[in-house]
Structure formats: C-alpha cells, structure tokens
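Text of my_file17.txt, listed as compact mmCIF, C-alpha atoms:
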```txt
# COMPACT_ATOMS: atom_id res chain seq x y z
CA MET G 33 -3.69 -17.97 -37.12
CA SER G 34 -1.27 -15.19 -36.24
CA ALA G 35 2.29 -15.05 -37.52
CA ALA G 36 3.56 -15.79 -34.01
CA GLU G 37 1.35 -18.89 -33.74
CA SER G 38 2.36 -20.18 -37.15
CA THR G 39 6.09 -19.85 -36.44
CA GLY G 40 6.01 -20.92 -32.79
CA ALA G 41 7.41 -17.55 -31.74
CA SER G 42 6.25 -15.81 -28.59
CA PRO G 43 3.30 -13.48 -29.26
CA ALA G 44 3.98 -9.76 -29.04
CA PRO G 45 3.65 -8.46 -25.48
CA VAL G 46 1.10 -5.87 -24.43
CA PRO G 47 3.02 -2.57 -23.96
CA TYR G 48 3.62 -1.22 -20.49
CA ASP G 49 1.99 2.00 -19.34
CA PRO G 50 4.84 4.53 -19.84
CA ALA G 51 4.23 5.94 -16.36
CA LEU G 52 5.06 2.51 -14.92
CA GLU G 53 8.32 1.89 -16.76
CA PRO G 54 10.63 3.71 -14.28
CA GLY G 55 9.21 1.66 -11.42
CA LEU G 56 9.63 -1.56 -13.40
CA ALA G 57 13.25 -0.72 -14.16
CA ALA G 58 13.92 0.02 -10.48
CA PHE G 59 12.21 -3.22 -9.45
CA LEU G 60 14.27 -5.31 -11.87
CA GLU G 61 17.49 -3.67 -10.73
CA LEU G 62 16.59 -4.39 -7.12
CA VAL G 63 15.60 -8.04 -7.36
CA GLU G 64 17.10 -9.68 -10.43
CA ILE G 65 20.83 -9.90 -9.89
CA ILE G 66 20.99 -13.59 -10.90
CA PRO G 67 18.61 -15.30 -13.36
CA LEU G 68 16.31 -17.62 -11.41
CA ARG G 69 17.18 -21.24 -12.21
CA ALA G 70 17.15 -24.41 -10.15
CA ASP G 71 20.81 -23.89 -9.24
CA THR G 72 20.39 -20.23 -8.29
CA ILE G 73 17.31 -20.42 -6.06
CA LEU G 74 19.37 -20.29 -2.87
CA ALA G 75 21.48 -17.36 -4.10
CA ASN G 76 18.35 -15.45 -5.07
CA ARG G 77 16.78 -16.30 -1.72
CA ALA G 78 19.80 -14.89 0.09
CA HIS G 79 19.60 -11.72 -2.00
CA PHE G 80 15.89 -11.32 -1.28
CA ALA G 81 16.66 -11.48 2.43
CA THR G 82 18.87 -8.40 2.07
CA ILE G 83 16.29 -6.24 0.31
CA ILE G 84 13.28 -6.81 2.57
CA PRO G 85 13.23 -4.21 5.37
CA SER G 86 12.95 -5.60 8.88
CA ILE G 87 9.67 -5.35 10.75
CA GLU G 88 11.32 -2.78 13.01
CA GLN G 89 12.07 -0.58 9.99
CA GLN G 90 8.62 -1.12 8.47
CA ALA G 91 6.76 -0.28 11.68
CA ALA G 92 8.92 2.68 12.71
CA GLY G 93 6.76 5.78 13.14
CA ARG G 94 3.55 3.91 12.33
CA ALA G 95 0.56 3.66 14.65
CA VAL G 96 0.96 -0.10 15.09
CA THR G 97 2.42 -2.66 17.46
CA TRP G 98 3.83 -6.03 16.47
CA GLU G 99 5.01 -9.28 18.00
CA ASN G 100 6.52 -12.52 16.74
CA ARG G 101 5.14 -15.87 17.84
CA ILE G 102 5.54 -19.56 17.13
CA ILE G 103 2.33 -21.52 16.63
CA PRO G 104 1.60 -25.19 15.90
CA GLY G 105 2.08 -26.18 12.28
CA PRO G 106 0.10 -28.75 10.30
CA ALA G 107 -0.14 -32.26 11.75
CA GLY G 108 3.26 -33.91 11.60
CA ALA G 109 4.99 -30.73 10.40
CA PRO G 110 7.19 -28.17 12.16
CA ASP G 111 5.81 -25.23 14.09
CA VAL G 112 5.16 -22.03 12.16
CA GLU G 113 6.51 -18.55 12.86
CA ILE G 114 4.07 -15.66 12.59
CA THR G 115 4.11 -11.91 13.14
CA ILE G 116 1.01 -10.24 14.57
CA VAL G 117 0.43 -6.58 13.67
CA ARG G 118 -2.15 -4.60 15.64
CA PRO G 119 -3.32 -0.98 15.58
CA THR G 120 -1.95 1.04 18.49
CA ALA G 121 -5.39 2.40 19.39
CA PRO G 122 -7.42 -0.21 21.33
CA ALA G 123 -10.59 -1.40 19.63
CA SER G 124 -13.96 -1.14 21.33
CA ALA G 125 -15.21 -4.28 19.56
CA PRO G 126 -13.68 -7.36 17.93
CA ALA G 127 -11.61 -6.19 14.97
CA PRO G 128 -11.49 -7.46 11.40
CA ALA G 129 -8.40 -9.49 10.54
CA ALA G 130 -6.15 -10.40 7.64
CA LEU G 131 -4.00 -13.48 7.09
CA SER G 132 -1.00 -12.12 5.17
CA ILE G 133 0.75 -14.53 2.77
CA HIS G 134 3.93 -13.31 1.11
CA GLY G 135 5.03 -13.59 -2.50
CA GLY G 136 8.28 -14.89 -3.97
CA GLY G 137 7.18 -17.78 -6.14
CA MET G 138 6.99 -20.11 -3.10
CA VAL G 139 10.78 -20.36 -3.39
CA LEU G 140 11.88 -16.90 -2.17
CA GLY G 141 11.02 -14.31 0.45
CA THR G 142 9.89 -14.16 4.05
CA ARG G 143 6.73 -13.11 5.84
CA PHE G 144 8.11 -9.59 6.09
CA PHE G 145 7.68 -9.21 2.34
CA GLY G 146 3.93 -8.99 3.01
CA THR G 147 3.84 -7.05 6.29
CA PRO G 148 3.68 -3.57 4.70
CA GLU G 149 0.12 -4.38 3.62
CA ILE G 150 -1.07 -5.37 7.09
CA ILE G 151 0.73 -2.43 8.71
CA ASP G 152 -1.24 -0.17 6.38
CA LEU G 153 -4.51 -2.02 7.08
CA ALA G 154 -3.93 -1.83 10.84
CA GLU G 155 -3.15 1.87 10.76
CA ARG G 156 -5.97 2.94 8.43
CA HIS G 157 -8.73 0.47 9.18
CA GLY G 158 -7.99 -1.09 12.58
CA VAL G 159 -7.35 -4.53 11.05
CA VAL G 160 -5.32 -7.09 13.01
CA GLY G 161 -2.89 -8.83 10.66
CA VAL G 162 -1.09 -12.15 10.95
CA ALA G 163 1.84 -12.76 8.60
CA VAL G 164 2.82 -16.40 8.19
CA GLU G 165 6.31 -17.83 7.53
CA TYR G 166 5.48 -20.80 5.34
CA ARG G 167 7.98 -23.44 4.20
CA LEU G 168 9.62 -22.88 0.82
CA ALA G 169 10.23 -25.16 -2.16
CA PRO G 170 12.16 -27.12 -3.33
CA GLU G 171 13.08 -28.23 0.19
CA HIS G 172 9.37 -28.50 0.92
CA PRO G 173 7.27 -29.34 -2.17
CA GLY G 174 3.67 -28.22 -2.45
CA PRO G 175 1.21 -28.22 -0.82
CA ALA G 176 3.40 -27.66 2.29
CA GLN G 177 3.11 -23.91 1.75
CA ALA G 178 -0.68 -23.89 1.73
CA GLU G 179 -0.85 -26.25 4.71
CA ASP G 180 1.28 -23.88 6.80
CA CYS G 181 -0.91 -20.94 5.84
CA TYR G 182 -4.07 -22.86 6.62
CA ALA G 183 -2.66 -23.81 10.03
CA ALA G 184 -2.21 -20.09 10.71
CA LEU G 185 -5.82 -19.41 9.69
CA GLU G 186 -7.10 -22.13 12.03
CA TRP G 187 -4.97 -20.69 14.83
CA MET G 188 -6.41 -17.22 14.22
CA ALA G 189 -9.96 -18.52 14.44
CA VAL G 190 -9.32 -20.55 17.62
CA HIS G 191 -7.51 -17.62 19.27
CA ALA G 192 -9.90 -14.92 18.06
CA GLY G 193 -10.75 -13.84 21.59
CA GLU G 194 -7.11 -13.49 22.60
CA LEU G 195 -6.31 -11.59 19.40
CA GLY G 196 -9.35 -9.36 19.77
CA ILE G 197 -10.65 -10.24 16.32
CA ASP G 198 -13.98 -11.17 14.82
CA ALA G 199 -13.55 -14.71 13.48
CA GLY G 200 -16.28 -13.99 10.95
CA ARG G 201 -14.32 -11.11 9.42
CA ILE G 202 -11.00 -12.64 8.33
CA ILE G 203 -9.62 -12.31 4.82
CA ALA G 204 -6.69 -14.16 3.27
CA THR G 205 -4.54 -11.78 1.27
CA GLY G 206 -1.36 -11.93 -0.75
CA ALA G 207 0.37 -11.02 -3.98
CA SER G 208 1.91 -13.31 -6.59
CA ALA G 209 2.63 -16.62 -4.81
CA GLY G 210 0.79 -15.11 -1.85
CA GLY G 211 -2.25 -14.60 -4.06
CA GLY G 212 -2.15 -18.21 -5.21
CA LEU G 213 -1.76 -19.41 -1.63
CA SER G 214 -4.67 -17.24 -0.50
CA ALA G 215 -6.77 -19.06 -3.11
CA ALA G 216 -5.43 -22.39 -1.83
CA VAL G 217 -6.31 -21.49 1.77
CA ALA G 218 -9.86 -20.65 0.65
CA LEU G 219 -10.11 -24.08 -1.00
CA LEU G 220 -8.71 -25.86 2.06
CA SER G 221 -11.10 -24.06 4.39
CA ARG G 222 -14.09 -24.96 2.21
CA ASP G 223 -13.06 -28.59 1.76
CA ARG G 224 -12.26 -29.19 5.43
CA GLY G 225 -15.15 -27.25 6.89
CA GLY G 226 -12.72 -24.85 8.50
CA PRO G 227 -12.93 -21.15 9.35
CA VAL G 228 -15.17 -19.33 6.90
CA LEU G 229 -13.24 -16.51 5.26
CA ALA G 230 -14.94 -13.20 4.64
CA GLY G 231 -12.95 -12.92 1.41
CA GLN G 232 -9.87 -13.90 -0.54
CA LEU G 233 -7.68 -11.15 -1.99
CA LEU G 234 -5.71 -12.53 -4.94
CA ASN G 235 -3.27 -9.88 -6.17
CA CYS G 236 -1.53 -10.90 -9.43
CA PRO G 237 -1.96 -14.51 -8.28
CA MET G 238 0.25 -17.49 -9.17
CA LEU G 239 -2.37 -20.16 -9.79
CA ASP G 240 -1.41 -22.62 -12.55
CA ASP G 241 1.65 -24.88 -12.73
CA ARG G 242 1.33 -25.33 -16.51
CA ASN G 243 2.54 -21.82 -17.47
CA GLU G 244 1.14 -22.23 -20.99
CA THR G 245 -1.19 -19.25 -21.45
CA VAL G 246 -0.82 -16.57 -24.10
CA SER G 247 0.24 -14.06 -21.45
CA ALA G 248 2.90 -16.44 -20.12
CA ARG G 249 4.35 -16.71 -23.62
CA GLN G 250 4.11 -12.94 -24.13
CA TYR G 251 6.36 -12.33 -21.11
CA ASP G 252 9.02 -14.95 -21.72
CA GLY G 253 12.27 -13.18 -20.86
CA ILE G 254 10.46 -9.85 -20.41
CA GLY G 255 9.47 -7.93 -17.31
CA ALA G 256 9.03 -8.83 -13.66
CA TRP G 257 8.53 -12.54 -12.88
CA ASP G 258 8.68 -13.76 -16.46
CA ARG G 259 7.88 -17.19 -17.84
CA ASN G 260 11.38 -18.51 -17.04
CA ASN G 261 11.12 -17.53 -13.37
CA ASN G 262 7.68 -19.09 -13.24
CA ASP G 263 8.92 -22.35 -14.78
CA THR G 264 11.80 -22.52 -12.32
CA ALA G 265 9.48 -21.99 -9.37
CA TRP G 266 6.85 -24.50 -10.48
CA ASP G 267 9.50 -27.14 -11.15
CA ALA G 268 10.67 -26.64 -7.56
CA ILE G 269 7.15 -26.69 -6.13
CA ALA G 270 5.53 -29.54 -8.08
CA GLY G 271 8.55 -31.62 -9.13
CA ALA G 272 7.82 -34.67 -11.26
CA ASP G 273 4.06 -34.20 -10.79
CA ARG G 274 4.09 -30.94 -12.73
CA PHE G 275 1.79 -30.86 -15.80
CA THR G 276 -0.13 -33.88 -14.48
CA ASP G 277 -3.38 -34.28 -12.60
CA ALA G 278 -1.32 -35.36 -9.57
CA VAL G 279 -0.71 -31.68 -8.79
CA SER G 280 -2.88 -30.81 -5.81
CA PRO G 281 -5.35 -27.92 -6.08
CA TYR G 282 -3.84 -26.74 -2.80
CA THR G 283 -0.57 -26.38 -4.71
CA ALA G 284 -1.99 -24.94 -7.93
CA PRO G 285 -5.58 -23.74 -7.36
CA THR G 286 -6.54 -23.93 -11.05
CA ARG G 287 -6.31 -27.71 -10.61
CA ALA G 288 -9.47 -27.59 -8.50
CA THR G 289 -12.36 -29.09 -10.48
CA ASP G 290 -14.99 -27.29 -8.38
CA LEU G 291 -14.78 -23.60 -7.46
CA SER G 292 -18.24 -23.38 -5.92
CA GLY G 293 -18.85 -22.41 -2.32
CA LEU G 294 -15.81 -20.16 -2.05
CA PRO G 295 -15.70 -16.82 -0.23
CA PRO G 296 -15.90 -13.63 -2.30
CA ALA G 297 -12.74 -13.16 -4.36
CA TYR G 298 -10.95 -9.99 -5.36
CA ILE G 299 -8.68 -10.76 -8.29
CA GLU G 300 -6.39 -8.13 -9.78
CA VAL G 301 -3.67 -8.42 -12.36
CA GLY G 302 -1.75 -6.31 -14.86
CA ALA G 303 -2.57 -6.64 -18.54
CA ALA G 304 1.18 -6.76 -19.24
CA GLU G 305 2.26 -9.71 -17.11
CA THR G 306 2.61 -13.48 -17.07
CA PHE G 307 -0.33 -14.18 -14.75
CA ARG G 308 -2.98 -12.17 -16.65
CA ASP G 309 -4.74 -15.01 -18.40
CA GLU G 310 -4.79 -17.52 -15.52
CA ALA G 311 -6.22 -14.82 -13.23
CA VAL G 312 -8.98 -14.00 -15.72
CA ALA G 313 -9.75 -17.70 -16.18
CA TYR G 314 -9.98 -18.25 -12.42
CA ALA G 315 -12.44 -15.39 -12.00
CA THR G 316 -14.50 -16.71 -14.92
CA ARG G 317 -14.70 -20.16 -13.36
CA ILE G 318 -15.81 -18.70 -10.00
CA TRP G 319 -18.58 -16.74 -11.74
CA ALA G 320 -19.68 -19.92 -13.53
CA THR G 321 -20.58 -21.43 -10.14
CA GLY G 322 -22.71 -18.43 -9.19
CA ALA G 323 -20.17 -17.23 -6.63
CA GLN G 324 -18.76 -13.73 -6.22
CA ALA G 325 -15.55 -12.51 -7.84
CA GLU G 326 -14.43 -8.98 -8.56
CA LEU G 327 -11.86 -8.88 -11.38
CA HIS G 328 -9.61 -5.97 -12.36
CA VAL G 329 -7.17 -6.17 -15.28
CA TRP G 330 -5.12 -2.98 -15.25
CA ALA G 331 -4.01 -1.67 -18.64
CA GLY G 332 -0.25 -1.64 -19.12
CA GLY G 333 0.41 -3.02 -15.64
CA TYR G 334 3.47 -5.16 -14.98
CA HIS G 335 3.65 -7.80 -12.23
CA GLY G 336 3.26 -6.02 -8.89
CA PHE G 337 3.02 -2.59 -10.50
CA SER G 338 0.86 -0.88 -7.89
CA GLY G 339 3.40 -1.47 -5.16
CA PHE G 340 6.50 -0.49 -7.10
CA SER G 341 5.01 2.41 -9.10
CA PRO G 342 2.60 3.82 -6.51
CA ASP G 343 2.46 7.36 -7.92
CA ALA G 344 1.22 6.37 -11.39
CA ILE G 345 -2.44 7.10 -12.06
CA VAL G 346 -3.21 3.45 -12.86
CA SER G 347 -1.58 2.38 -9.56
CA GLN G 348 -3.66 4.88 -7.63
CA ALA G 349 -6.78 3.49 -9.28
CA ALA G 350 -5.75 -0.09 -8.47
CA ASN G 351 -5.01 0.72 -4.85
CA ALA G 352 -8.32 2.56 -4.46
CA ALA G 353 -10.30 -0.32 -5.99
CA ARG G 354 -8.62 -2.85 -3.72
CA ASP G 355 -9.26 -0.70 -0.66
CA SER G 356 -12.92 -0.38 -1.64
CA TRP G 357 -13.31 -4.16 -1.78
CA ILE G 358 -11.58 -4.65 1.59
CA ARG G 359 -13.88 -2.11 3.20
CA ARG G 360 -16.94 -3.81 1.73
CA VAL G 361 -16.12 -7.41 2.66
CA LEU G 362 -14.90 -6.48 6.15
CA ASP G 363 -17.82 -4.10 6.72
CA LEU G 364 -15.55 -1.13 7.41
CA PRO G 365 -16.69 2.51 7.42
```
Can you give me the file's structure in the form of structure tokens?
Amino acid sequence: MSAAESTGASPAPVPYDPALEPGLAAFLELVEIIPLRADTILANRAHFATIIPSIEQQAAGRAVTWENRIIPGPAGAPDVEITIVRPTAPASAPAPAALSIHGGGMVLGTRFFGTPEIIDLAERHGVVGVAVEYRLAPEHPGPAQAEDCYAALEWMAVHAGELGIDAGRIIATGASAGGGLSAAVALLSRDRGGPVLAGQLLNCPMLDDRNETVSARQYDGIGAWDRNNNDTAWDAIAGADRFTDAVSPYTAPTRATDLSGLPPAYIEVGAAETFRDEAVAYATRIWATGAQAELHVWAGGYHGFSGFSPDAIVSQAANAARDSWIRRVLDLP
C-alpha cells in the first residue's frame, strides 16, 4: 500500500509534458473564471457562451458551407437544433458523415464548441458534419442528452439522400462529454436496431458517474476538468440516482453490462487527466467482447491537450493518429 493510500491522500499526479504547460495555463485562464459548483453552473454556462466563436467566425475563409436547421427531437421531447457543415466542392458520390457532439460536461457549451472538428473534416476529407444542440443538465437530467443526439443520428440516416451522405459511413465523434455521448449513441443504436455507425470517436471521454478512479483522485483540484468539476457535472446529470445501478448506460456508458456488438471505437486520453483510467477500462471491456477498439494514452497529456496545445510534438502525434483512424473507418484516401 502506498503512502497516499494509507493516509487517504490523493495520489501524486502524473507530470504534464512541459511542452503542453503553456497551453494548459492559457486554457485554464480562458475557461475557469468561477469554480464549477451546483450554484455556479449557469454563470459558467454564460461565460462559455462568450468564448466559443460563432459559426460565421469559424467558417470564415474555409472551403465549407453551413446551415442551421430544426429537426424532430426524441418522442415527447422538444425539437433539436442542428448545424450542417458541408465541403464547398460538390461530391461525385455519397459522402462520409460525422455526427458532432460537443463537450462541456453535459452542463455547459453549445454545438459550436464541436464545429471546428467537422469544418476541418469537411475541408480536408469531404465529410458532411452535423452538430447537435442537445439539452443540458441539471434542467434536463440524463439520458436526455444522449436521446437528443440519437435523434439527430436517426435523422441523418433517414435524410441521407437529401444530405448527400452514405448512411453506411457515419461516425459519432466528440470530446469530453461529447466523447461519452458518442459512446452512448453507439449503445442506443445497437440496442434499438438503429443506424449502424461506422465508428465511434471517443476523445478524452466522460464515461463514468462514480468518479472514483486513481486518475480522478490524482487530478482533484489540478488541471483542466478536475475531479471537482466532474463531481458537479455528474450530480447535475444523474441526481439522486448517482452511484447506483439506476444510472442509465445511455447516461454513463460504463454502466452498460454488455459492450459487445458495438462499432469500432477510437479512444484517446491524456495520461495526466481525470478520465484516463475510465477510458482505458472502457477499451479493455470492448476488447473482452472481441470487438474493435483503438486506444491511445498520450504521455503527459492534460484534458483536451491536442486542441489547446496543437504545436507540441505529442499533440501532433495525437492528431495524426486520430486522422489515420478516421480515414480508415470512413474508407478515405
């Protein structure tokens, strides 16, 4: 037993890659003006809305077009807003597609937090992207978020001809909460016999409401999206059901007892972040069923490092590995 375990203290954190530390500092300065607690969720949400560039700003000068639409939501629920991003150049055949699910702990953010990824995919690979504006907690407890995202996936499949996409080449993709929700959408699609995803891209995914892993305790009060933020978010999402088997696997995918029959997964995470151990465990459980998962744990990486420290060597490696997987599962040149 280690000294930390014997005293109940948090275990020592894995050090950050020094090349990533300036980006981490800039990220924290940008997003964390008020500690995230139950009584500050709305203030943090309002701040997040000021730091996310508009779609007009994101798409300016890029070889893409975009449009906003409103589509039917889940049965008995409100309609869902989406943004469709397309490459400017017309495709000669049905294009691959990506369902973009944004991060923010399921309590913060908008769909435009995830649109930079699909703008890049449209411009470089001809992918048609759909970003979904899912309902946030605590106003809408889980699994409302996953249900909204799944409704968007069903809409994409039904309207594949109109969108000019190949319904057999759709991935669900997202980071942090978006990664967890991409996993939830894959579970929903399997369980309901819905559209078959070509893959699920789980970037530093938020998967487990219990927040009890070694890595969660290592980053308690440290770094981007620490254990406190995670506790606050999961309390909002799961409420009184948290820590019990009443939590739906479509809310916290690690609650799923069966991970067989899922589409190929790409799971990436930093070694120096809260979600490291739950991401590794999820990949391990997928492999145990004989299904495909590609796992990358990046040394010294903080939560979301590749996006906020893009010039670091480890970020370049992470971005290249992710791009390789996307090209393989979508059968891109």
Completion exercise
Nearest to Ala265 of chain G, restricted to all atoms listed in the file and choosing among G:Glu171, G:Asp309, G:Asp223, G:Glu186, comes out as G:Glu171
Exercise for the section: Write out as a ChimeraX atom specification each polymer residue whose atoms come within 10 Å of segment 149-152 of chain G, counting all atoms listed in the file; drop sequence neighbours fewer than 6 positions from it. Expected result: /G:87,90-91,94-98,116-119,129-132,158-163,205-206,339
For the residues in that selection, give me C-alpha atoms as a compact mmCIF listing (two decimals), keeping the file's coordinate frame.
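What landed in part16.txt:
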```
# COMPACT_ATOMS: atom_id res chain seq x y z
CA ILE G 87 9.67 -5.35 10.75
CA GLN G 90 8.62 -1.12 8.47
CA ALA G 91 6.76 -0.28 11.68
CA ARG G 94 3.55 3.91 12.33
CA ALA G 95 0.56 3.66 14.65
CA VAL G 96 0.96 -0.10 15.09
CA THR G 97 2.42 -2.66 17.46
CA TRP G 98 3.83 -6.03 16.47
CA ILE G 116 1.01 -10.24 14.57
CA VAL G 117 0.43 -6.58 13.67
CA ARG G 118 -2.15 -4.60 15.64
CA PRO G 119 -3.32 -0.98 15.58
CA ALA G 129 -8.40 -9.49 10.54
CA ALA G 130 -6.15 -10.40 7.64
CA LEU G 131 -4.00 -13.48 7.09
CA SER G 132 -1.00 -12.12 5.17
CA GLY G 158 -7.99 -1.09 12.58
CA VAL G 159 -7.35 -4.53 11.05
CA VAL G 160 -5.32 -7.09 13.01
CA GLY G 161 -2.89 -8.83 10.66
CA VAL G 162 -1.09 -12.15 10.95
CA ALA G 163 1.84 -12.76 8.60
CA THR G 205 -4.54 -11.78 1.27
CA GLY G 206 -1.36 -11.93 -0.75
CA GLY G 339 3.40 -1.47 -5.16
```
Practice task
Tell me, in Å to one decimal, how far atom CA of His157 of chain G is from atom CA of Leu362 of chain G.
Solution key: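 Computed distance, atom CA of His157 of chain G to atom CA of Leu362 of chain G, equals 9.8 Å.
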Practice task
Find the distance between atom CA of Thr276 of chain G and atom CA of Ile254 of chain G and write it in Å to one decimal.
Solution key: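 Answer for the atom CA of Thr276 of chain G to atom CA of Ile254 of chain G separation: 26.9 Å.
Minimum atom-to-atom distance to Asp277 of chain G, evaluated using only C-alpha atoms, belongs to G:Asp241 out of G:Phe307, G:Asp241, G:Ala297, G:Thr82.
Atom pair atom CA of Pro54 of chain G / atom CA of Cys236 of chain G has a distance of 19.6 Å (rounded to one decimal).
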Exercise for the section: Find the residues around segment 353-361 of chain G up to 9 Å (all atoms listed in the file counted), leave out those fewer than 4 positions away in its own chain, and share them as a list in words. Expected result: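 Close residues of segment 353-361 of chain G: His157, Arg201, Ile203, Ala230, Gly231, Leu233, Pro296, Tyr298, Glu300, Glu326, His328, Gln348, Ala349 and Pro365 of chain G.
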For the selection you just gave me, I'd like the residues written to a file as a PDB file, in the frame of the given file, keeping C-alpha atoms.
```
ATOM      1  CA  HIS G 157      -8.730   0.470   9.180  1.00  0.00           C
ATOM      2  CA  ARG G 201     -14.320 -11.110   9.420  1.00  0.00           C
ATOM      3  CA  ILE G 203      -9.620 -12.310   4.820  1.00  0.00           C
ATOM      4  CA  ALA G 230     -14.940 -13.200   4.640  1.00  0.00           C
ATOM      5  CA  GLY G 231     -12.950 -12.920   1.410  1.00  0.00           C
ATOM      6  CA  LEU G 233      -7.680 -11.150  -1.990  1.00  0.00           C
ATOM      7  CA  PRO G 296     -15.900 -13.630  -2.300  1.00  0.00           C
ATOM      8  CA  TYR G 298     -10.950  -9.990  -5.360  1.00  0.00           C
ATOM      9  CA  GLU G 300      -6.390  -8.130  -9.780  1.00  0.00           C
ATOM     10  CA  GLU G 326     -14.430  -8.980  -8.560  1.00  0.00           C
ATOM     11  CA  HIS G 328      -9.610  -5.970 -12.360  1.00  0.00           C
ATOM     12  CA  GLN G 348      -3.660   4.880  -7.630  1.00  0.00           C
ATOM     13  CA  ALA G 349      -6.780   3.490  -9.280  1.00  0.00           C
ATOM     14  CA  PRO G 365     -16.690   2.510   7.420  1.00  0.00           C
TER      15      PRO G 365
END
```
Problem - Spatial neighbours of Thr264 of chain G, max dist 8 Å, only C-alpha atoms, sep filter under 4 positions, as an MDAnalysis selection string - result: chainID G and resid 68:70 260 268
Practice task
Kindly provide, as an MDAnalysis selection string, the polymer residues lying within 12 Å of (2.2, -33.5, -15.7), counting only C-alpha atoms and using the coordinates exactly as they appear in the file.
Solution key: chainID G and resid 240:243 266:267 270:280 287
Practice task
Rank G:Pro227, G:Gly212, G:Pro281, G:Gly322 by their smallest atom-to-atom distance to Gly136 of chain G, using only C-alpha atoms, and report the top residue only.
Solution key: G:Gly212
Which polymer residues have any atom within 8 Å of an atom of Ile66 of chain G, counting all atoms listed in the file, with same-chain residues fewer than 5 positions away left out, as a PDB file with C-alpha atoms, in the frame of the given file?
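The result, written out as part-v1.pdb:
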```pdb
ATOM      1  CA  THR G  72      20.390 -20.230  -8.290  1.00  0.00           C
ATOM      2  CA  ALA G  75      21.480 -17.360  -4.100  1.00  0.00           C
ATOM      3  CA  ASN G  76      18.350 -15.450  -5.070  1.00  0.00           C
TER       4      ASN G  76
END
```
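Distance check against Glu99 of chain G using all atoms listed in the file: of G:Ala207, G:Ala325, G:Ala184, G:Leu195, the minimum falls on G:Leu195.
Each of G:Ile299, G:Asp343, G:Val164, G:Asn261 was compared to Glu64 of chain G using all atoms listed in the file, and G:Asn261 turns out to be the nearest.
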N, CA and C atoms are needed for segment 70-83 of chain G; please write them out as a PDB file, in the coordinates of the input.
```pdb
ATOM      1  N   ALA G  70      17.123 -23.457 -11.263  1.00  0.00           N
ATOM      2  CA  ALA G  70      17.150 -24.410 -10.150  1.00  0.00           C
ATOM      3  C   ALA G  70      18.414 -24.264  -9.309  1.00  0.00           C
ATOM      4  N   ASP G  71      19.550 -23.975  -9.972  1.00  0.00           N
ATOM      5  CA  ASP G  71      20.810 -23.890  -9.240  1.00  0.00           C
ATOM      6  C   ASP G  71      21.096 -22.514  -8.667  1.00  0.00           C
ATOM      7  N   THR G  72      20.177 -21.565  -8.854  1.00  0.00           N
ATOM      8  CA  THR G  72      20.390 -20.230  -8.290  1.00  0.00           C
ATOM      9  C   THR G  72      19.290 -19.826  -7.308  1.00  0.00           C
ATOM     10  N   ILE G  73      18.395 -20.753  -6.984  1.00  0.00           N
ATOM     11  CA  ILE G  73      17.310 -20.420  -6.060  1.00  0.00           C
ATOM     12  C   ILE G  73      17.878 -19.944  -4.723  1.00  0.00           C
ATOM     13  N   LEU G  74      18.846 -20.659  -4.182  1.00  0.00           N
ATOM     14  CA  LEU G  74      19.370 -20.290  -2.870  1.00  0.00           C
ATOM     15  C   LEU G  74      20.076 -18.943  -2.905  1.00  0.00           C
ATOM     16  N   ALA G  75      20.814 -18.659  -3.982  1.00  0.00           N
ATOM     17  CA  ALA G  75      21.480 -17.360  -4.100  1.00  0.00           C
ATOM     18  C   ALA G  75      20.457 -16.237  -4.203  1.00  0.00           C
ATOM     19  N   ASN G  76      19.401 -16.457  -4.978  1.00  0.00           N
ATOM     20  CA  ASN G  76      18.350 -15.450  -5.070  1.00  0.00           C
ATOM     21  C   ASN G  76      17.628 -15.277  -3.736  1.00  0.00           C
ATOM     22  N   ARG G  77      17.438 -16.372  -3.033  1.00  0.00           N
ATOM     23  CA  ARG G  77      16.780 -16.300  -1.720  1.00  0.00           C
ATOM     24  C   ARG G  77      17.616 -15.455  -0.757  1.00  0.00           C
ATOM     25  N   ALA G  78      18.916 -15.668  -0.781  1.00  0.00           N
ATOM     26  CA  ALA G  78      19.800 -14.890   0.090  1.00  0.00           C
ATOM     27  C   ALA G  78      19.757 -13.406  -0.279  1.00  0.00           C
ATOM     28  N   HIS G  79      19.687 -13.115  -1.576  1.00  0.00           N
ATOM     29  CA  HIS G  79      19.600 -11.720  -2.000  1.00  0.00           C
ATOM     30  C   HIS G  79      18.284 -11.094  -1.561  1.00  0.00           C
ATOM     31  N   PHE G  80      17.198 -11.829  -1.702  1.00  0.00           N
ATOM     32  CA  PHE G  80      15.890 -11.320  -1.280  1.00  0.00           C
ATOM     33  C   PHE G  80      15.913 -10.946   0.199  1.00  0.00           C
ATOM     34  N   ALA G  81      16.614 -11.750   0.992  1.00  0.00           N
ATOM     35  CA  ALA G  81      16.660 -11.480   2.430  1.00  0.00           C
ATOM     36  C   ALA G  81      17.329 -10.147   2.737  1.00  0.00           C
ATOM     37  N   THR G  82      18.178  -9.671   1.837  1.00  0.00           N
ATOM     38  CA  THR G  82      18.870  -8.400   2.070  1.00  0.00           C
ATOM     39  C   THR G  82      18.054  -7.194   1.646  1.00  0.00           C
ATOM     40  N   ILE G  83      17.030  -7.388   0.830  1.00  0.00           N
ATOM     41  CA  ILE G  83      16.290  -6.240   0.310  1.00  0.00           C
ATOM     42  C   ILE G  83      14.941  -6.027   0.988  1.00  0.00           C
TER      43      ILE G  83
END
```
